[in-house]
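This is entry.csv (CSV, N, CA and C atoms).
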```
chain,number,residue,atom,x,y,z
A,47,MET,N,66.1,104.9,48.0
A,47,MET,CA,66.6,106.3,48.3
A,47,MET,C,67.6,106.2,49.5
A,48,ASN,N,68.5,107.2,49.5
A,48,ASN,CA,69.5,107.2,50.5
A,48,ASN,C,69.0,107.8,51.8
A,49,GLU,N,69.4,107.2,52.9
A,49,GLU,CA,69.1,107.7,54.2
A,49,GLU,C,70.3,108.4,54.8
A,50,ILE,N,70.1,109.6,55.3
A,50,ILE,CA,71.3,110.4,55.8
A,50,ILE,C,70.9,111.0,57.1
A,51,PRO,N,71.9,111.4,57.9
A,51,PRO,CA,71.6,112.1,59.2
A,51,PRO,C,71.0,113.5,58.8
A,52,MET,N,70.1,114.0,59.7
A,52,MET,CA,69.4,115.3,59.4
A,52,MET,C,70.4,116.4,59.3
A,53,ASP,N,71.5,116.4,60.0
A,53,ASP,CA,72.4,117.5,60.0
A,53,ASP,C,73.1,117.6,58.6
A,54,LYS,N,72.9,116.7,57.7
A,54,LYS,CA,73.6,116.8,56.4
A,54,LYS,C,72.7,117.4,55.3
A,55,ILE,N,71.4,117.7,55.6
A,55,ILE,CA,70.6,118.3,54.6
A,55,ILE,C,70.9,119.8,54.6
A,56,LEU,N,70.8,120.3,53.4
A,56,LEU,CA,71.1,121.7,53.2
A,56,LEU,C,69.9,122.7,53.4
A,57,ARG,N,70.2,123.9,53.5
A,57,ARG,CA,69.2,124.9,53.7
A,57,ARG,C,68.2,124.9,52.5
A,58,GLY,N,66.9,124.8,52.8
A,58,GLY,CA,65.9,124.8,51.7
A,58,GLY,C,65.5,123.4,51.3
A,59,GLU,N,66.3,122.4,51.7
A,59,GLU,CA,65.9,121.0,51.4
A,59,GLU,C,64.8,120.4,52.3
A,60,ARG,N,64.0,119.6,51.7
A,60,ARG,CA,63.0,118.9,52.5
A,60,ARG,C,63.3,117.5,52.7
A,61,ALA,N,62.9,116.9,53.7
A,61,ALA,CA,63.2,115.5,54.0
A,61,ALA,C,62.1,114.9,54.8
A,62,GLU,N,62.1,113.5,54.9
A,62,GLU,CA,61.1,112.8,55.7
A,62,GLU,C,61.9,112.0,56.8
A,63,VAL,N,61.5,112.1,58.0
A,63,VAL,CA,62.1,111.4,59.1
A,63,VAL,C,61.9,109.9,58.9
A,64,VAL,N,62.9,109.1,58.9
A,64,VAL,CA,62.8,107.7,58.8
A,64,VAL,C,62.8,107.0,60.1
A,65,TYR,N,63.8,107.4,61.0
A,65,TYR,CA,63.9,106.9,62.3
A,65,TYR,C,64.9,107.7,63.1
A,66,LEU,N,64.8,107.5,64.4
A,66,LEU,CA,65.8,108.2,65.4
A,66,LEU,C,66.7,107.1,66.0
A,67,LYS,N,67.9,107.4,66.1
A,67,LYS,CA,68.9,106.5,66.7
A,67,LYS,C,68.6,106.5,68.2
A,68,PRO,N,68.8,105.4,68.9
A,68,PRO,CA,68.6,105.3,70.3
A,68,PRO,C,69.5,106.4,71.0
A,69,GLY,N,69.0,107.0,72.0
A,69,GLY,CA,69.8,108.0,72.6
A,69,GLY,C,69.2,108.8,73.8
A,70,GLY,N,68.4,108.1,74.6
A,70,GLY,CA,67.9,108.7,75.9
A,70,GLY,C,67.1,109.9,75.8
A,71,ASP,N,67.4,110.9,76.6
A,71,ASP,CA,66.6,112.1,76.7
A,71,ASP,C,66.4,112.9,75.4
A,72,ILE,N,67.5,113.1,74.6
A,72,ILE,CA,67.3,113.9,73.4
A,72,ILE,C,66.4,113.2,72.4
A,73,ARG,N,66.5,111.9,72.4
A,73,ARG,CA,65.6,111.1,71.5
A,73,ARG,C,64.1,111.4,71.9
A,74,ARG,N,63.8,111.3,73.1
A,74,ARG,CA,62.5,111.5,73.7
A,74,ARG,C,62.0,112.9,73.4
A,75,ARG,N,62.9,113.9,73.6
A,75,ARG,CA,62.5,115.3,73.3
A,75,ARG,C,62.2,115.5,71.9
A,76,LEU,N,63.1,115.0,71.0
A,76,LEU,CA,62.9,115.2,69.5
A,76,LEU,C,61.5,114.6,69.1
A,77,LEU,N,61.2,113.4,69.6
A,77,LEU,CA,59.9,112.8,69.3
A,77,LEU,C,58.8,113.6,69.8
A,78,GLU,N,58.9,114.2,71.0
A,78,GLU,CA,57.9,115.0,71.6
A,78,GLU,C,57.6,116.3,70.7
A,79,ILE,N,58.6,116.9,70.2
A,79,ILE,CA,58.4,118.1,69.4
A,79,ILE,C,58.1,117.9,67.9
A,80,GLY,N,58.0,116.6,67.5
A,80,GLY,CA,57.5,116.3,66.2
A,80,GLY,C,58.4,115.6,65.2
A,81,PHE,N,59.6,115.3,65.6
A,81,PHE,CA,60.6,114.6,64.7
A,81,PHE,C,60.3,113.1,64.8
A,82,SER,N,59.1,112.7,64.5
A,82,SER,CA,58.8,111.3,64.5
A,82,SER,C,58.8,110.7,63.1
A,83,PRO,N,59.0,109.4,63.0
A,83,PRO,CA,59.0,108.8,61.7
A,83,PRO,C,57.8,109.2,60.8
A,84,GLY,N,58.0,109.5,59.6
A,84,GLY,CA,57.0,110.0,58.6
A,84,GLY,C,56.8,111.5,58.6
A,85,SER,N,57.3,112.2,59.5
A,85,SER,CA,57.2,113.7,59.6
A,85,SER,C,58.0,114.3,58.5
A,86,GLU,N,57.5,115.3,57.8
A,86,GLU,CA,58.2,116.0,56.8
A,86,GLU,C,58.9,117.2,57.5
A,87,ILE,N,60.2,117.4,57.2
A,87,ILE,CA,60.9,118.5,57.8
A,87,ILE,C,61.6,119.4,56.7
A,88,LYS,N,62.0,120.6,57.0
A,88,LYS,CA,62.7,121.4,56.1
A,88,LYS,C,63.8,122.2,56.9
A,89,CYS,N,65.0,122.2,56.3
A,89,CYS,CA,66.0,123.0,56.9
A,89,CYS,C,65.8,124.4,56.4
A,90,ILE,N,65.6,125.4,57.4
A,90,ILE,CA,65.3,126.7,56.9
A,90,ILE,C,66.5,127.7,57.2
A,91,GLY,N,67.5,127.3,57.8
A,91,GLY,CA,68.7,128.2,58.1
A,91,GLY,C,69.6,127.7,59.2
A,92,SER,N,70.6,128.4,59.4
A,92,SER,CA,71.6,128.1,60.4
A,92,SER,C,72.2,129.3,61.0
A,93,SER,N,72.8,129.1,62.1
A,93,SER,CA,73.5,130.3,62.8
A,93,SER,C,74.8,130.6,61.9
A,94,PRO,N,75.4,131.7,62.2
A,94,PRO,CA,76.6,132.1,61.3
A,94,PRO,C,77.7,131.1,61.3
A,95,PHE,N,77.8,130.3,62.3
A,95,PHE,CA,78.9,129.3,62.3
A,95,PHE,C,78.4,127.9,61.9
A,96,GLY,N,77.1,127.8,61.6
A,96,GLY,CA,76.5,126.5,61.1
A,96,GLY,C,75.9,125.6,62.2
A,97,ASP,N,76.0,126.0,63.4
A,97,ASP,CA,75.5,125.2,64.5
A,97,ASP,C,74.9,126.1,65.6
A,98,PRO,N,73.7,126.0,65.9
A,98,PRO,CA,72.7,125.1,65.5
A,98,PRO,C,72.0,125.4,64.1
A,99,ARG,N,71.2,124.6,63.6
A,99,ARG,CA,70.4,124.8,62.4
A,99,ARG,C,68.9,124.9,62.8
A,100,ALA,N,68.2,125.6,62.0
A,100,ALA,CA,66.7,125.7,62.2
A,100,ALA,C,66.0,124.8,61.3
A,101,TYR,N,65.0,124.1,61.8
A,101,TYR,CA,64.2,123.1,61.1
A,101,TYR,C,62.7,123.4,61.3
A,102,PHE,N,62.0,123.3,60.2
A,102,PHE,CA,60.5,123.5,60.2
A,102,PHE,C,59.9,122.2,60.2
A,103,VAL,N,59.1,121.9,61.2
A,103,VAL,CA,58.4,120.6,61.3
A,103,VAL,C,57.0,120.8,62.0
A,104,LYS,N,56.0,120.3,61.4
A,104,LYS,CA,54.6,120.3,61.9
A,104,LYS,C,54.2,121.7,62.4
A,105,GLY,N,54.5,122.7,61.5
A,105,GLY,CA,54.1,124.1,61.8
A,105,GLY,C,54.9,124.9,62.7
A,106,ALA,N,56.0,124.4,63.2
A,106,ALA,CA,56.9,125.1,64.1
A,106,ALA,C,58.3,125.1,63.7
A,107,VAL,N,59.1,126.0,64.2
A,107,VAL,CA,60.5,126.1,63.9
A,107,VAL,C,61.3,125.8,65.1
A,108,PHE,N,62.3,124.9,65.0
A,108,PHE,CA,63.1,124.5,66.1
A,108,PHE,C,64.6,124.6,65.8
A,109,ALA,N,65.4,125.1,66.7
A,109,ALA,CA,66.9,125.2,66.5
A,109,ALA,C,67.4,123.9,67.1
A,110,ILE,N,68.1,123.1,66.4
A,110,ILE,CA,68.6,121.8,66.8
A,110,ILE,C,70.1,121.8,66.6
A,111,ARG,N,70.9,121.5,67.6
A,111,ARG,CA,72.3,121.3,67.5
A,111,ARG,C,72.7,120.2,66.5
A,112,ASN,N,73.7,120.4,65.8
A,112,ASN,CA,74.1,119.4,64.8
A,112,ASN,C,74.4,118.0,65.5
A,113,LYS,N,75.0,118.1,66.7
A,113,LYS,CA,75.2,116.8,67.5
A,113,LYS,C,73.9,116.0,67.7
A,114,ASP,N,72.8,116.8,67.9
A,114,ASP,CA,71.5,116.1,68.2
A,114,ASP,C,70.9,115.8,66.8
A,115,ALA,N,71.0,116.6,65.8
A,115,ALA,CA,70.4,116.4,64.5
A,115,ALA,C,71.0,115.2,63.9
A,116,GLU,N,72.2,114.8,64.2
A,116,GLU,CA,72.8,113.6,63.5
A,116,GLU,C,72.1,112.3,64.0
A,117,THR,N,71.4,112.4,65.1
A,117,THR,CA,70.7,111.2,65.5
A,117,THR,C,69.3,110.9,64.8
A,118,VAL,N,68.9,111.9,64.0
A,118,VAL,CA,67.7,111.8,63.3
A,118,VAL,C,68.0,111.4,61.8
A,119,ILE,N,67.6,110.2,61.4
A,119,ILE,CA,67.9,109.7,60.1
A,119,ILE,C,66.7,110.1,59.1
A,120,VAL,N,67.0,110.7,58.0
A,120,VAL,CA,66.0,111.2,57.1
A,120,VAL,C,66.3,110.7,55.7
A,121,ARG,N,65.2,110.9,54.9
A,121,ARG,CA,65.3,110.6,53.4
A,121,ARG,C,64.9,111.9,52.7
A,122,CYS,N,65.7,112.4,51.8
A,122,CYS,CA,65.4,113.6,51.1
A,122,CYS,C,64.3,113.4,50.2
A,123,LEU,N,63.5,114.5,50.0
A,123,LEU,CA,62.3,114.4,49.2
A,123,LEU,C,62.6,115.1,47.9
```
Starting from the coordinates I provided, produce the structure as structure tokens.
Amino acid sequence: MNEIPMDKILRGERAEVVYLKPGGDIRRRLLEIGFSPGSEIKCIGSSPFGDPRAYFVKGAVFAIRNKDAETVIVRCL
């Protein structure tokens, strides 16, 4: 299966987190809020201009900037 950056999944698509690219504070924060390997996520929407996007993970919704979402590598389900 293909692995892609999280910012490339479309609204309504589900994916599984494969890994996070190294990246300091944002990597640590994403791991803390639930974007850890094996977690299932779903893109549930975006702002009018497409950035940030809203993702559902582990029972909560988070708005993540595309710049930060591209550091999360996922596999579509």
Which polymer residues have any atom within 12 Å of an atom of Ile90 (chain A), counting only C-alpha atoms, with same-chain residues fewer than 4 positions away left out, as a ChimeraX atom specification?
/A:55-61,96,98-103,106-110
Between A:Leu77, A:Leu123, A:Ala115, A:Ile72, which residue has the minimum interatomic distance to Met52 (chain A), considering only N, CA and C atoms?
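Among the listed residues, A:Ala115 lies closest to Met52 (chain A).
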If you run DSSP on the backbone, which residues of chain A are helix (DSSP H, G or I), as a list in words?
Met52, Asp53, Lys54, Gly70, Asp71, Ile72, Arg73, Arg74, Arg75, Leu76, Leu77, Glu78, Ile79, Asn112, Lys113, Asp114 and Ala115 of chain A
As a check of understanding: the span from atom C of Asn48 (chain A) to atom N of Arg121 (chain A) is 5.8 Å
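Nearest residue to Arg111 (chain A) among A:Phe81, A:Pro51, A:Arg73, A:Asp97 is A:Asp97, counting only C-alpha atoms.
Separating atom N of Cys89 (chain A) from atom N of Leu76 (chain A) is a distance of 16.5 Å.
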Polymer residues at most 5 Å from Glu62 (chain A), all atoms listed in the file, same-chain spacing of 4 or more positions, as a compact mmCIF listing (two decimals) with N, CA and C atoms, keeping the file's coordinate frame:
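Okay, selection_0.txt is ready:
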```
# COMPACT_ATOMS: atom_id res chain seq x y z
N SER A 85 57.30 112.20 59.50
CA SER A 85 57.20 113.70 59.60
C SER A 85 58.00 114.30 58.50
N GLU A 86 57.50 115.30 57.80
CA GLU A 86 58.20 116.00 56.80
C GLU A 86 58.90 117.20 57.50
N ILE A 87 60.20 117.40 57.20
CA ILE A 87 60.90 118.50 57.80
C ILE A 87 61.60 119.40 56.70
N VAL A 120 67.00 110.70 58.00
CA VAL A 120 66.00 111.20 57.10
C VAL A 120 66.30 110.70 55.70
N ARG A 121 65.20 110.90 54.90
CA ARG A 121 65.30 110.60 53.40
C ARG A 121 64.90 111.90 52.70
N CYS A 122 65.70 112.40 51.80
CA CYS A 122 65.40 113.60 51.10
C CYS A 122 64.30 113.40 50.20
```
Can you list, as a PDB file with N, CA and C atoms, in the frame of the given file, all residues belonging to chain A that DSSP tags as strand (DSSP E)?
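Wrote result26.pdb, looks like this:
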```pdb
ATOM      1  N   GLU A  49      69.400 107.200  52.900  1.00  0.00           N
ATOM      2  CA  GLU A  49      69.100 107.700  54.200  1.00  0.00           C
ATOM      3  C   GLU A  49      70.300 108.400  54.800  1.00  0.00           C
ATOM      4  N   ILE A  50      70.100 109.600  55.300  1.00  0.00           N
ATOM      5  CA  ILE A  50      71.300 110.400  55.800  1.00  0.00           C
ATOM      6  C   ILE A  50      70.900 111.000  57.100  1.00  0.00           C
ATOM      7  N   PRO A  51      71.900 111.400  57.900  1.00  0.00           N
ATOM      8  CA  PRO A  51      71.600 112.100  59.200  1.00  0.00           C
ATOM      9  C   PRO A  51      71.000 113.500  58.800  1.00  0.00           C
ATOM     10  N   ARG A  60      64.000 119.600  51.700  1.00  0.00           N
ATOM     11  CA  ARG A  60      63.000 118.900  52.500  1.00  0.00           C
ATOM     12  C   ARG A  60      63.300 117.500  52.700  1.00  0.00           C
ATOM     13  N   ALA A  61      62.900 116.900  53.700  1.00  0.00           N
ATOM     14  CA  ALA A  61      63.200 115.500  54.000  1.00  0.00           C
ATOM     15  C   ALA A  61      62.100 114.900  54.800  1.00  0.00           C
ATOM     16  N   GLU A  62      62.100 113.500  54.900  1.00  0.00           N
ATOM     17  CA  GLU A  62      61.100 112.800  55.700  1.00  0.00           C
ATOM     18  C   GLU A  62      61.900 112.000  56.800  1.00  0.00           C
ATOM     19  N   VAL A  63      61.500 112.100  58.000  1.00  0.00           N
ATOM     20  CA  VAL A  63      62.100 111.400  59.100  1.00  0.00           C
ATOM     21  C   VAL A  63      61.900 109.900  58.900  1.00  0.00           C
ATOM     22  N   VAL A  64      62.900 109.100  58.900  1.00  0.00           N
ATOM     23  CA  VAL A  64      62.800 107.700  58.800  1.00  0.00           C
ATOM     24  C   VAL A  64      62.800 107.000  60.100  1.00  0.00           C
ATOM     25  N   TYR A  65      63.800 107.400  61.000  1.00  0.00           N
ATOM     26  CA  TYR A  65      63.900 106.900  62.300  1.00  0.00           C
ATOM     27  C   TYR A  65      64.900 107.700  63.100  1.00  0.00           C
ATOM     28  N   LEU A  66      64.800 107.500  64.400  1.00  0.00           N
ATOM     29  CA  LEU A  66      65.800 108.200  65.400  1.00  0.00           C
ATOM     30  C   LEU A  66      66.700 107.100  66.000  1.00  0.00           C
ATOM     31  N   GLU A  86      57.500 115.300  57.800  1.00  0.00           N
ATOM     32  CA  GLU A  86      58.200 116.000  56.800  1.00  0.00           C
ATOM     33  C   GLU A  86      58.900 117.200  57.500  1.00  0.00           C
ATOM     34  N   ILE A  87      60.200 117.400  57.200  1.00  0.00           N
ATOM     35  CA  ILE A  87      60.900 118.500  57.800  1.00  0.00           C
ATOM     36  C   ILE A  87      61.600 119.400  56.700  1.00  0.00           C
ATOM     37  N   LYS A  88      62.000 120.600  57.000  1.00  0.00           N
ATOM     38  CA  LYS A  88      62.700 121.400  56.100  1.00  0.00           C
ATOM     39  C   LYS A  88      63.800 122.200  56.900  1.00  0.00           C
ATOM     40  N   CYS A  89      65.000 122.200  56.300  1.00  0.00           N
ATOM     41  CA  CYS A  89      66.000 123.000  56.900  1.00  0.00           C
ATOM     42  C   CYS A  89      65.800 124.400  56.400  1.00  0.00           C
ATOM     43  N   ILE A  90      65.600 125.400  57.400  1.00  0.00           N
ATOM     44  CA  ILE A  90      65.300 126.700  56.900  1.00  0.00           C
ATOM     45  C   ILE A  90      66.500 127.700  57.200  1.00  0.00           C
ATOM     46  N   GLY A  91      67.500 127.300  57.800  1.00  0.00           N
ATOM     47  CA  GLY A  91      68.700 128.200  58.100  1.00  0.00           C
ATOM     48  C   GLY A  91      69.600 127.700  59.200  1.00  0.00           C
ATOM     49  N   SER A  92      70.600 128.400  59.400  1.00  0.00           N
ATOM     50  CA  SER A  92      71.600 128.100  60.400  1.00  0.00           C
ATOM     51  C   SER A  92      72.200 129.300  61.000  1.00  0.00           C
ATOM     52  N   ARG A  99      71.200 124.600  63.600  1.00  0.00           N
ATOM     53  CA  ARG A  99      70.400 124.800  62.400  1.00  0.00           C
ATOM     54  C   ARG A  99      68.900 124.900  62.800  1.00  0.00           C
ATOM     55  N   ALA A 100      68.200 125.600  62.000  1.00  0.00           N
ATOM     56  CA  ALA A 100      66.700 125.700  62.200  1.00  0.00           C
ATOM     57  C   ALA A 100      66.000 124.800  61.300  1.00  0.00           C
ATOM     58  N   TYR A 101      65.000 124.100  61.800  1.00  0.00           N
ATOM     59  CA  TYR A 101      64.200 123.100  61.100  1.00  0.00           C
ATOM     60  C   TYR A 101      62.700 123.400  61.300  1.00  0.00           C
ATOM     61  N   PHE A 102      62.000 123.300  60.200  1.00  0.00           N
ATOM     62  CA  PHE A 102      60.500 123.500  60.200  1.00  0.00           C
ATOM     63  C   PHE A 102      59.900 122.200  60.200  1.00  0.00           C
ATOM     64  N   VAL A 103      59.100 121.900  61.200  1.00  0.00           N
ATOM     65  CA  VAL A 103      58.400 120.600  61.300  1.00  0.00           C
ATOM     66  C   VAL A 103      57.000 120.800  62.000  1.00  0.00           C
ATOM     67  N   ALA A 106      56.000 124.400  63.200  1.00  0.00           N
ATOM     68  CA  ALA A 106      56.900 125.100  64.100  1.00  0.00           C
ATOM     69  C   ALA A 106      58.300 125.100  63.700  1.00  0.00           C
ATOM     70  N   VAL A 107      59.100 126.000  64.200  1.00  0.00           N
ATOM     71  CA  VAL A 107      60.500 126.100  63.900  1.00  0.00           C
ATOM     72  C   VAL A 107      61.300 125.800  65.100  1.00  0.00           C
ATOM     73  N   PHE A 108      62.300 124.900  65.000  1.00  0.00           N
ATOM     74  CA  PHE A 108      63.100 124.500  66.100  1.00  0.00           C
ATOM     75  C   PHE A 108      64.600 124.600  65.800  1.00  0.00           C
ATOM     76  N   ALA A 109      65.400 125.100  66.700  1.00  0.00           N
ATOM     77  CA  ALA A 109      66.900 125.200  66.500  1.00  0.00           C
ATOM     78  C   ALA A 109      67.400 123.900  67.100  1.00  0.00           C
ATOM     79  N   ILE A 110      68.100 123.100  66.400  1.00  0.00           N
ATOM     80  CA  ILE A 110      68.600 121.800  66.800  1.00  0.00           C
ATOM     81  C   ILE A 110      70.100 121.800  66.600  1.00  0.00           C
ATOM     82  N   VAL A 118      68.900 111.900  64.000  1.00  0.00           N
ATOM     83  CA  VAL A 118      67.700 111.800  63.300  1.00  0.00           C
ATOM     84  C   VAL A 118      68.000 111.400  61.800  1.00  0.00           C
ATOM     85  N   ILE A 119      67.600 110.200  61.400  1.00  0.00           N
ATOM     86  CA  ILE A 119      67.900 109.700  60.100  1.00  0.00           C
ATOM     87  C   ILE A 119      66.700 110.100  59.100  1.00  0.00           C
ATOM     88  N   VAL A 120      67.000 110.700  58.000  1.00  0.00           N
ATOM     89  CA  VAL A 120      66.000 111.200  57.100  1.00  0.00           C
ATOM     90  C   VAL A 120      66.300 110.700  55.700  1.00  0.00           C
ATOM     91  N   ARG A 121      65.200 110.900  54.900  1.00  0.00           N
ATOM     92  CA  ARG A 121      65.300 110.600  53.400  1.00  0.00           C
ATOM     93  C   ARG A 121      64.900 111.900  52.700  1.00  0.00           C
ATOM     94  N   CYS A 122      65.700 112.400  51.800  1.00  0.00           N
ATOM     95  CA  CYS A 122      65.400 113.600  51.100  1.00  0.00           C
ATOM     96  C   CYS A 122      64.300 113.400  50.200  1.00  0.00           C
TER      97      CYS A 122
END
```
Of the listed residues A:Asn112, A:Arg75, A:Val63, A:Thr117, that which approaches Lys88 (chain A) most closely, counting only C-alpha atoms
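Of A:Asn112, A:Arg75, A:Val63, A:Thr117, the one nearest Lys88 (chain A), counting only C-alpha atoms, is A:Val63.
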Between atom C of Arg74 (chain A) and CA of Ser92 (chain A), what is the spacing in Å?
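If I compute the distance from CA of Ser92 (chain A) to atom C of Arg74 (chain A), I get 22.2 Å.
Between Gly84 (chain A) and the candidates A:Val118, A:Glu49, A:Val64, A:Gly69, the tightest atom-to-atom separation, counting only N, CA and C atoms, involves A:Val64.
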Output as a compact mmCIF listing (two decimals), in the coordinates of the input: region 69-91 of chain A, completed with N, CA, C and O atoms.
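Wrote rebuild_1.txt, looks like this:
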```txt
# COMPACT_ATOMS: atom_id res chain seq x y z
N GLY A 69 69.00 107.00 72.00
CA GLY A 69 69.80 108.00 72.60
C GLY A 69 69.20 108.80 73.80
O GLY A 69 69.47 109.92 74.03
N GLY A 70 68.40 108.10 74.60
CA GLY A 70 67.90 108.70 75.90
C GLY A 70 67.10 109.90 75.80
O GLY A 70 66.13 110.01 74.96
N ASP A 71 67.40 110.90 76.60
CA ASP A 71 66.60 112.10 76.70
C ASP A 71 66.40 112.90 75.40
O ASP A 71 65.31 113.40 75.16
N ILE A 72 67.50 113.10 74.60
CA ILE A 72 67.30 113.90 73.40
C ILE A 72 66.40 113.20 72.40
O ILE A 72 65.62 113.83 71.74
N ARG A 73 66.50 111.90 72.40
CA ARG A 73 65.60 111.10 71.50
C ARG A 73 64.10 111.40 71.90
O ARG A 73 63.28 111.67 71.03
N ARG A 74 63.80 111.30 73.10
CA ARG A 74 62.50 111.50 73.70
C ARG A 74 62.00 112.90 73.40
O ARG A 74 60.91 113.11 72.90
N ARG A 75 62.90 113.90 73.60
CA ARG A 75 62.50 115.30 73.30
C ARG A 75 62.20 115.50 71.90
O ARG A 75 61.29 116.22 71.51
N LEU A 76 63.10 115.00 71.00
CA LEU A 76 62.90 115.20 69.50
C LEU A 76 61.50 114.60 69.10
O LEU A 76 60.82 115.15 68.29
N LEU A 77 61.20 113.40 69.60
CA LEU A 77 59.90 112.80 69.30
C LEU A 77 58.80 113.60 69.80
O LEU A 77 57.78 113.81 69.13
N GLU A 78 58.90 114.20 71.00
CA GLU A 78 57.90 115.00 71.60
C GLU A 78 57.60 116.30 70.70
O GLU A 78 56.43 116.71 70.64
N ILE A 79 58.60 116.90 70.20
CA ILE A 79 58.40 118.10 69.40
C ILE A 79 58.10 117.90 67.90
O ILE A 79 57.84 118.85 67.21
N GLY A 80 58.00 116.60 67.50
CA GLY A 80 57.50 116.30 66.20
C GLY A 80 58.40 115.60 65.20
O GLY A 80 58.06 115.39 64.08
N PHE A 81 59.60 115.30 65.60
CA PHE A 81 60.60 114.60 64.70
C PHE A 81 60.30 113.10 64.80
O PHE A 81 61.24 112.36 65.16
N SER A 82 59.10 112.70 64.50
CA SER A 82 58.80 111.30 64.50
C SER A 82 58.80 110.70 63.10
O SER A 82 58.70 111.45 62.12
N PRO A 83 59.00 109.40 63.00
CA PRO A 83 59.00 108.80 61.70
C PRO A 83 57.80 109.20 60.80
O PRO A 83 56.66 109.19 61.31
N GLY A 84 58.00 109.50 59.60
CA GLY A 84 57.00 110.00 58.60
C GLY A 84 56.80 111.50 58.60
O GLY A 84 56.16 111.96 57.67
N SER A 85 57.30 112.20 59.50
CA SER A 85 57.20 113.70 59.60
C SER A 85 58.00 114.30 58.50
O SER A 85 59.18 113.88 58.24
N GLU A 86 57.50 115.30 57.80
CA GLU A 86 58.20 116.00 56.80
C GLU A 86 58.90 117.20 57.50
O GLU A 86 58.29 117.93 58.31
N ILE A 87 60.20 117.40 57.20
CA ILE A 87 60.90 118.50 57.80
C ILE A 87 61.60 119.40 56.70
O ILE A 87 61.72 118.87 55.56
N LYS A 88 62.00 120.60 57.00
CA LYS A 88 62.70 121.40 56.10
C LYS A 88 63.80 122.20 56.90
O LYS A 88 63.46 122.75 57.92
N CYS A 89 65.00 122.20 56.30
CA CYS A 89 66.00 123.00 56.90
C CYS A 89 65.80 124.40 56.40
O CYS A 89 65.85 124.69 55.23
N ILE A 90 65.60 125.40 57.40
CA ILE A 90 65.30 126.70 56.90
C ILE A 90 66.50 127.70 57.20
O ILE A 90 66.37 128.88 56.84
N GLY A 91 67.50 127.30 57.80
CA GLY A 91 68.70 128.20 58.10
C GLY A 91 69.60 127.70 59.20
O GLY A 91 69.36 126.59 59.74
```
